[in-house]
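Take a look at the structure set out below.
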Amino acid sequence: MHLSQAAMNLGQSATLRLNDLARRLKSEGKPIIHLGGGEPVEEIPQAAYDAALKKLKTRQIKYTPAGGLVELKNEIIAYTERKYGFKASPKNIIVSGGAKQSIYNFLMAVVDPGSEVVFPAPYWVSYPDMVKLVYGTPVIIKPKEDSLLIDIDNLEKCITSNTRAVLLNSPNNPSGAVYSEDFIQKLVEICESRNIYLLTDDIYGRLVGGGIKTPLPFSFSKKNLDDSPIVSVNGVSKMYSMTGFRIGWSIGSEAITKAMTKIQGQITSCPSDLSQTAAIGALRDGETFIEEINAALDKKRKILINALNKFKKVKLSVPIGTFYSFPDFSAYDKDSTRLANMLIEKAMVVTVPGVEFGLEGHLRISYCGGEKDIIEGLERMRKVLDSSVEVVS
């Protein structure tokens, strides 16, 4: 049977594939430790649970408007104003089935065949394939050696007359690095002066250590929202440990929001009524939860850094945000896929090869799981790499 070129050329999500592998190995009774995942272990906020349970008891879980419930949009507006000092309107917001769908809606709305979409490496694994799915051309900018952040000058040099959009994920998955306010301000100026869309993937914006606050790009805009090419994407998955609820949203001009809503209406009709209700509860009363999850991540980050510093040949750029690190393991093996496979086989530890994020020689190691898993998993890896010992049969 015939398969489309888009389907044939599409790669499988490395992170989802490794999640499936970890589940399978665990189901087989293998002592696997998964340090490659992106799901916090914390239970969801009580307010989200209570709101979802109350809704479920009505036995009335129905379609919602294609762009999401007005009640949820109002909570997003209130949340964004509280945390970022920026106020949007319901006409500027579309709620989607996760931040991933928000990004894809955006790409479908703005990219024509052959249009270029520019973004830095390391990047989230889905960016290149999502751009290709809408027949765009990914333009990837790599940082200088020993850095995980690109220079604004290098980014600007890659913008051409065919550039339709720039994507920026900060705090960054997979590195945990955070772009400076100066970088974001200059990027906003470039995109607005050249009338190029800027999509900022802000899903980890509240998960930052050291008291650092990440700004919303609209803070640097010289245009009103409906004239600006900026689109900000966020969601409840990471900051509220609500990955399975699949609720994200975007904030942008009325025109881009209308276009994205039409697209979403034809593809998924609307986001889940029950999940949106849970998201309302989280946004309304979940601030204490974010404080608690950040405190837990700060502790786990220190455990991870301490453990990685014991390796003989690892180069570590200390993560600031998210719950990922992206150490350089190239002194052990420059082929990150081969190295990751070896660690699964000999240490029973799952990591994600850096090549999947656009930078070879690195491994993405998560610290969103349990503290014991972080300690034991990294110790297993160290014994295999520094002692050539197979620690798990």
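Scheme for the structure tokens: letters A, B, ... for chains in order shown; per-chain residue numbers from 1; ligand numbers from 1 in order shown.
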
**Message:** List the spatial neighbours of Asp285 (chain A) as a PyMOL selection string - criterion: any atom at most 10 Å away, only C-alpha atoms, same-chain residues fewer than 6 positions off excluded.
**Reply:** chain A and resi 45-48

Selected residues, C-alpha atoms, written as a compact mmCIF listing (two decimals), in the first residue's frame, please.
# COMPACT_ATOMS: atom_id res chain seq x y z
CA PRO A 45 -2.04 19.77 42.29
CA GLN A 46 -4.95 19.14 44.63
CA ALA A 47 -6.91 21.94 42.97
CA ALA A 48 -6.59 20.26 39.57

**Asked** Which residues come within 12 Å of Ser330 (chain A), counting only C-alpha atoms, excluding same-chain residues fewer than 4 positions away, as a PyMOL selection string?
**Response** chain A and resi 146+312-316+326+334-340+353-355+359-363+385

For the selection just defined, write its residues with C-alpha atoms to a file, as a CSV table (one decimal), in the first residue's frame.
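To be explicit, this is the file written out as result-v2.csv:
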chain,number,residue,atom,x,y,z
A,146,ASP,CA,32.0,24.4,24.7
A,312,LYS,CA,36.5,11.3,34.9
A,313,LYS,CA,35.7,12.6,31.5
A,314,VAL,CA,32.3,14.4,31.5
A,315,LYS,CA,32.1,18.0,30.6
A,316,LEU,CA,29.0,19.6,32.3
A,326,PHE,CA,23.1,17.8,28.6
A,334,LYS,CA,31.7,10.5,20.1
A,335,ASP,CA,28.8,8.5,18.9
A,336,SER,CA,26.0,9.3,21.4
A,337,THR,CA,23.6,6.6,20.0
A,338,ARG,CA,26.2,3.9,20.4
A,339,LEU,CA,27.0,5.1,23.9
A,340,ALA,CA,23.4,5.3,25.0
A,353,PRO,CA,21.5,10.4,22.6
A,354,GLY,CA,22.5,14.0,22.0
A,355,VAL,CA,22.4,13.6,18.2
A,359,LEU,CA,24.5,18.0,19.0
A,360,GLU,CA,26.6,14.8,18.9
A,361,GLY,CA,28.6,13.5,21.8
A,362,HIS,CA,26.1,14.6,24.5
A,363,LEU,CA,23.5,12.6,26.4
A,385,LEU,CA,32.4,4.2,31.8

**Request:** Fewer than 5 positions away in the same chain doesn't count, so skip those; otherwise give me all residues within 9 Å of Ser272 (chain A), counting only C-alpha atoms, as a list in words.
**Result:** Ile61, Lys62, Tyr63, Thr64, Gly68, Ser96, Gly97, Phe245, Arg246, Ile247 and Thr277 of chain A

**Proximity to Thr268 (chain A) - best of A:Asn105, A:Asn92, A:Asn224, A:Asn9, only C-alpha atoms** =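 Checking each candidate against Thr268 (chain A), we get A:Asn105 as the closest.
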
**Atom-to-atom span, CA of Gly98 (chain A) and CA of Gly321 (chain A), Å** =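 The value is 20.1 Å.
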
Produce a table with one row for each residue of region 130-228 of chain A that has an atom at most 10 Å from any atom of region 364-378 of chain A, each row naming the nearest atom pair and its distance in Å at one decimal; use only C-alpha atoms; arrange rows by chain and rising residue number; format as CSV.
residue,atom,partner,partner_atom,distance
A:Asn173,CA,A:Arg364,CA,8.8
A:Pro174,CA,A:Arg364,CA,6.0
A:Ser175,CA,A:Arg364,CA,7.4
A:Gly176,CA,A:Ser366,CA,9.9

**Fill in**
A straight line from CA of Glu75 (chain A) to CA of Pro90 (chain A) spans 10.0 Å

**Prompt:** Leaving out Ile280 (chain A) and any residue of its chain fewer than 5 positions from it, which residues lie within 10 Å of it when counting only C-alpha atoms, given as number ranges by chain?
**Reply:** A: 47-48, 51-52, 69, 71-76, 236, 275, 285-286

Once you have the residues from the selection above, write them out as a CSV table (one decimal), in the first residue's frame, restricted to N, CA and C atoms.
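Wrote part_23.csv, looks like this:
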chain,number,residue,atom,x,y,z
A,47,ALA,N,-5.9,21.2,43.6
A,47,ALA,CA,-6.9,21.9,43.0
A,47,ALA,C,-7.3,21.4,41.6
A,48,ALA,N,-6.3,20.9,40.9
A,48,ALA,CA,-6.6,20.3,39.6
A,48,ALA,C,-7.4,19.0,39.8
A,51,ALA,N,-11.0,19.8,40.8
A,51,ALA,CA,-11.8,20.4,39.7
A,51,ALA,C,-12.2,19.3,38.7
A,52,ALA,N,-11.3,18.4,38.4
A,52,ALA,CA,-11.6,17.3,37.5
A,52,ALA,C,-12.6,16.4,38.1
A,69,LEU,N,-12.2,26.5,26.3
A,69,LEU,CA,-13.2,27.2,27.2
A,69,LEU,C,-12.9,28.6,27.5
A,71,GLU,N,-13.7,30.1,30.2
A,71,GLU,CA,-13.2,30.1,31.6
A,71,GLU,C,-11.7,29.8,31.7
A,72,LEU,N,-11.2,28.9,30.9
A,72,LEU,CA,-9.8,28.6,30.9
A,72,LEU,C,-9.0,29.7,30.3
A,73,LYS,N,-9.5,30.3,29.3
A,73,LYS,CA,-8.8,31.5,28.7
A,73,LYS,C,-8.7,32.6,29.7
A,74,ASN,N,-9.7,32.8,30.4
A,74,ASN,CA,-9.7,33.9,31.5
A,74,ASN,C,-8.6,33.6,32.6
A,75,GLU,N,-8.5,32.3,32.9
A,75,GLU,CA,-7.5,31.9,33.9
A,75,GLU,C,-6.1,32.1,33.3
A,76,ILE,N,-5.9,31.8,32.1
A,76,ILE,CA,-4.6,32.0,31.4
A,76,ILE,C,-4.3,33.5,31.4
A,236,VAL,N,0.2,23.2,31.0
A,236,VAL,CA,0.3,22.8,32.3
A,236,VAL,C,1.1,21.5,32.6
A,275,SER,N,-10.0,17.8,30.8
A,275,SER,CA,-8.6,18.3,31.0
A,275,SER,C,-8.6,19.8,31.2
A,285,ASP,N,-5.2,27.8,41.6
A,285,ASP,CA,-4.8,27.6,42.9
A,285,ASP,C,-3.5,26.8,43.0
A,286,GLY,N,-2.7,26.7,42.0
A,286,GLY,CA,-1.6,25.9,42.0
A,286,GLY,C,-0.2,26.5,42.2
